[in-house]
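Novice: Sharing a structure here in structure tokens format.
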Amino acid sequence: MSRYAIEARGIIKDYHVGGIVSHVLRDISVGVATGEFASIMGPSGSGKSTLLYILGGLDNPTRGSVLMNGRDIAQFDDTNKSIMRRRNIGFVFQFYNLIPNLNVAENILLPVLLDGKKIGEYKRQLKEILEVVGLTEKRKHTPRELSGGQQQRVAIARALINNPDIIFADEPTGNLDSKTGSEILALLREINREQGKTILMVTHSKDAAQYGNRMIYVRDGVVE
Amino acid sequence: MGTANLQTELEEALPQKYKVNRVVNETQVEADARQKSMPFFLISFFSVAISVFIIFSSYKVITLERLPVIGTFRSIGATEKAVTNILMLESLVYGGLGVLLGIPVGFAVLRVLLNGLGDSLSQGIDIPMIVSPGSVILSCAVAVIVSVLSAWIPVKRASRLPVKDVVLGNVEEKKTSNIKLFLFGAILLVLSIILPRIGQHLGDTALFLTGGFSLVGLLAATIITIPIFTSGVSVVLERIYGALLGNEGKLAARNMRGNKNTEQNITLLFISISSIIAVTVVCNFVQVYIGDVFRGATMDGFTDATMSSEFVEEIAQIDEIDEMIAIRVMNNMISLNGSTLSRVEGTEDISLYGEMFAMSYEKEEDRLNIESTFGTGRFILLSSDCMKRAGVQSGETVTLASGGQSYDYMILGSFKIRSTNTDALIPSFCAVDDFGAQKYGIVGYTASDPDAVMVQIRDLFGTTNHWSRTIKEFTEDGLRTVNAFLQPMQNLTWFILILATVGIINNLIINYIQKRRATAMYKSVGMSNWQNMIMTLTEGLSSGLIGAVIAMIISWLEIKTIFLVAAPRIAMQPKLELGTFLFAGALGVGITLIGSIVPIVKNRSMKIVEELKFD
């Protein structure tokens, strides 16, 4: 059994644009231990977000493998990858990515619905998660009726609903003011500490990275 | 040469005993043309309606996608007016391009249609292509005006947005109160249904105006209420799909609620399907109306010749004949209040005449009185057109004159008939006593074997001149000619279908572009390609069904309005075939489902990260 919740082995990612090959990730091997809150830092264009998306199964590496529970998710077909996204991981994006015409509760329950489960069985979890993110009163509101910070809380709640092994966060405070950003980071830290969730977060802010307990620095497609 | 000149020249050229009359006048020709041009008017109406909606929805997307550019413009000092002018000028250019492309294409299409028409007419009639400068100018004006007006609302909205919101990308559509909108839509819908029914009692102008209001009002009211209706239906569908298709079905139905793309799709689908239904029904109606003139009549065959009473008696002896009617015909012989009637017929049995020729009375409530009174004295029935032309009314006494003799007749009522061009009906004995019509002009019959009767009638005539046809033969002849003339109209129905299809596909593409991000969001939280397919097809099918059902109801109301307005001028009401409605509905659903295939295929290879990375 690997000590890593997720592990990248020899990841290479190339982009082909107009006949030119751009090497975004060059042979990266890195692991995130279970229960860790790791931050990936690096300058713009360093490949940190690309690494996160490959680790989270939203993008495929050109070469290399991504191991989760001992299985290479880079080799998964669409169905298995989708099941993994619903059950084993949660994603928090910079721009929240909430479905605009679904309300808060429906957005949070989306992974559950896609997993074919009955909403009724998740009433208790929903209530608890809404309390954790402080949005109990807003459960019937649509995203456009919420502030940026509240929308990000909904995204975090959605990432938690299926009790995933690991949460990926891509610049979760990038679109928020500093006070709200701090609140979101504190919430992520609380989830990591209280619930023992593994968190891998991309940020370009040193202050944000301080909320985690490990820092991975990426420059020019290589982990330093 | 003008008609008046021709008439004078003929009178001069012919011996004195011949009198030259106009057998049809301009008013009659215009009235006839109005009925036949009704489908063309409808095709234009719906083409404009579909175009307005396509341009309006496209401009909504264009302005939305241009917001960053608009933001940049505004931030460097462009005024609201300047932005409006730039975008409106752009729509003007589109309108101009439409004119440059549309006019030559229109010419080419018309030429092809008329060439086809010339070939299909066995009579070898050459139909010239007449395109007046006026109609070209009108088409240009309509193209430019439609383009500019349809773009006006989205452009005005975009240029009024606060600079800060545009630059920061914080633009959200203003929400109008659903209750207010629904109430407004409902009131407009009710008014559109009721007004023409009131208008029909207030005279021709009122009926025409309320009918026009109703046609536009029905479309507008439906477009306004579609979002609320869709949301309501989606609540029901959520439960049904949830039970049938599981969570994917539930999500698909839920996605339709408050979804502007879906609402837009349904709206365009509704306009397209209803235009296809309305145009098809009216085209079919016109075809039947002018081709199958004996529809609804009991007559199975007739003979048109000059016949003595004895000869008519011989026909009556034919065993296979069930019922027979003999009519005295007086063409251009009798004048009414001074103006010549082109055809007056004398009949002994007005009730049988009505059945044989599918005649209807303008005031059906007078039927009993007319039928019991008609044969008892000098009474006359006038065709609705003749009544209008002569400016007389039921109950009035008019003078019929012929060969220096004149007689007063009382008008019993007016009738509508398609199978003959009779101006007036008088009792048979009056035709004999007052106008000396000793001979019969037409004999009609009913029989279980009309062909067998026809053979015997033709035998009876021998070498004498006659024109005898069974109704089946007559209708086949008529439809052959009429169909050839109506071919361009039927081809234009396809044009509407193409326009509707282009509109729907255009909307589906816009829908796909706008939904890419939402699809990526779903995929990021675990939606598989299979689930995406189920959801997209379910959404497509539901939008198609909702659009089709709304279209079937509204087009039924539109058709009712159209024929309510046309009722005073036509002698029959259309038979609405359920099949036409279902076919058009199924076509719309089919197009929507086919249009769903592209997003499904494209979404399979979607790069989720690229769609999600930027807001």
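How things are named: the first chain in the structure tokens is A, the next is B, and so on; residues count from 1 in each chain; ligands count from 1 in the order shown.
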Counting only C-alpha atoms, what are the residues of chain A within 8 Å of chain B, and for each of them which pair of atoms is the nearest and at what distance in Å, to one decimal? Sort the table by chain and rising number, as a Markdown table.

Specialist:
| residue | atom | partner | partner_atom | distance |
| --- | --- | --- | --- | --- |
| A:Tyr53 | CA | B:Val609 | CA | 7.3 |
| A:Leu58 | CA | B:Ile608 | CA | 6.4 |
| A:Asp59 | CA | B:Val609 | CA | 6.8 |
| A:Asp78 | CA | B:Ser528 | CA | 6.2 |
| A:Thr79 | CA | B:Ser528 | CA | 5.5 |
| A:Lys81 | CA | B:Gly526 | CA | 7.7 |
| A:Ser82 | CA | B:Gly526 | CA | 4.3 |
| A:Ile83 | CA | B:Gly526 | CA | 6.0 |
| A:Met84 | CA | B:Gly526 | CA | 7.2 |
| A:Arg85 | CA | B:Gly526 | CA | 4.7 |
| A:Arg86 | CA | B:Gly526 | CA | 4.5 |
| A:Gly90 | CA | B:Val525 | CA | 7.3 |
| A:Phe91 | CA | B:Val525 | CA | 7.3 |
| A:Phe95 | CA | B:Asp615 | CA | 6.2 |
| A:Asn97 | CA | B:Met521 | CA | 5.9 |
| A:Leu98 | CA | B:Met521 | CA | 7.1 |
| A:Ile99 | CA | B:Ala518 | CA | 6.4 |
| A:Asn101 | CA | B:Gly258 | CA | 6.1 |
| A:Leu102 | CA | B:Asn255 | CA | 7.4 |
| A:Leu110 | CA | B:Val525 | CA | 7.4 |
| A:Pro111 | CA | B:Val525 | CA | 5.7 |
| A:Leu113 | CA | B:Asn247 | CA | 5.6 |
| A:Leu114 | CA | B:Met527 | CA | 6.1 |
| A:Asp115 | CA | B:Gly526 | CA | 7.9 |
| A:Gly116 | CA | B:Asn247 | CA | 5.8 |
| A:Lys117 | CA | B:Asn247 | CA | 7.7 |

Novice: Give me, as an MDAnalysis selection string, the residues of region 99-202 of chain A that a backbone DSSP run labels helix (DSSP H, G or I).

Specialist: chainID A and resid 104:108 110:114 119:133 136:138 143:145 148:160 178:195

Novice: Taking the backbone alone, and naming residues the way the document does, which bits of chain A are strand (DSSP E or B) by DSSP, as a PyMOL selection string?

Specialist: chain A and resi 4-17+20-33+37-41+63-68+71-72+89-92+166-170+198-202+214-219+222-223

Novice: List the neighbours of region 182-184 of chain A out to 12 Å using only C-alpha atoms; skip same-chain residues closer than 3 positions along the sequence, and give me the result as a PyMOL selection string.

Specialist: chain A and resi 92+94+132-134+148-157+169+171-179+187-191+205+207-211

Novice: Which one of A:Lys206, A:His23, A:Arg124, A:Arg9 sits closest to Ser46 (chain A) if you count only C-alpha atoms?

Specialist: A:His23

Novice: Can you list, as a PyMOL selection string, every protein, DNA or RNA residue that comes within 6 Å of Thr198 (chain A) when you count only C-alpha atoms, leaving out same-chain residues fewer than 5 positions away?

Specialist: chain A and resi 34-37+166
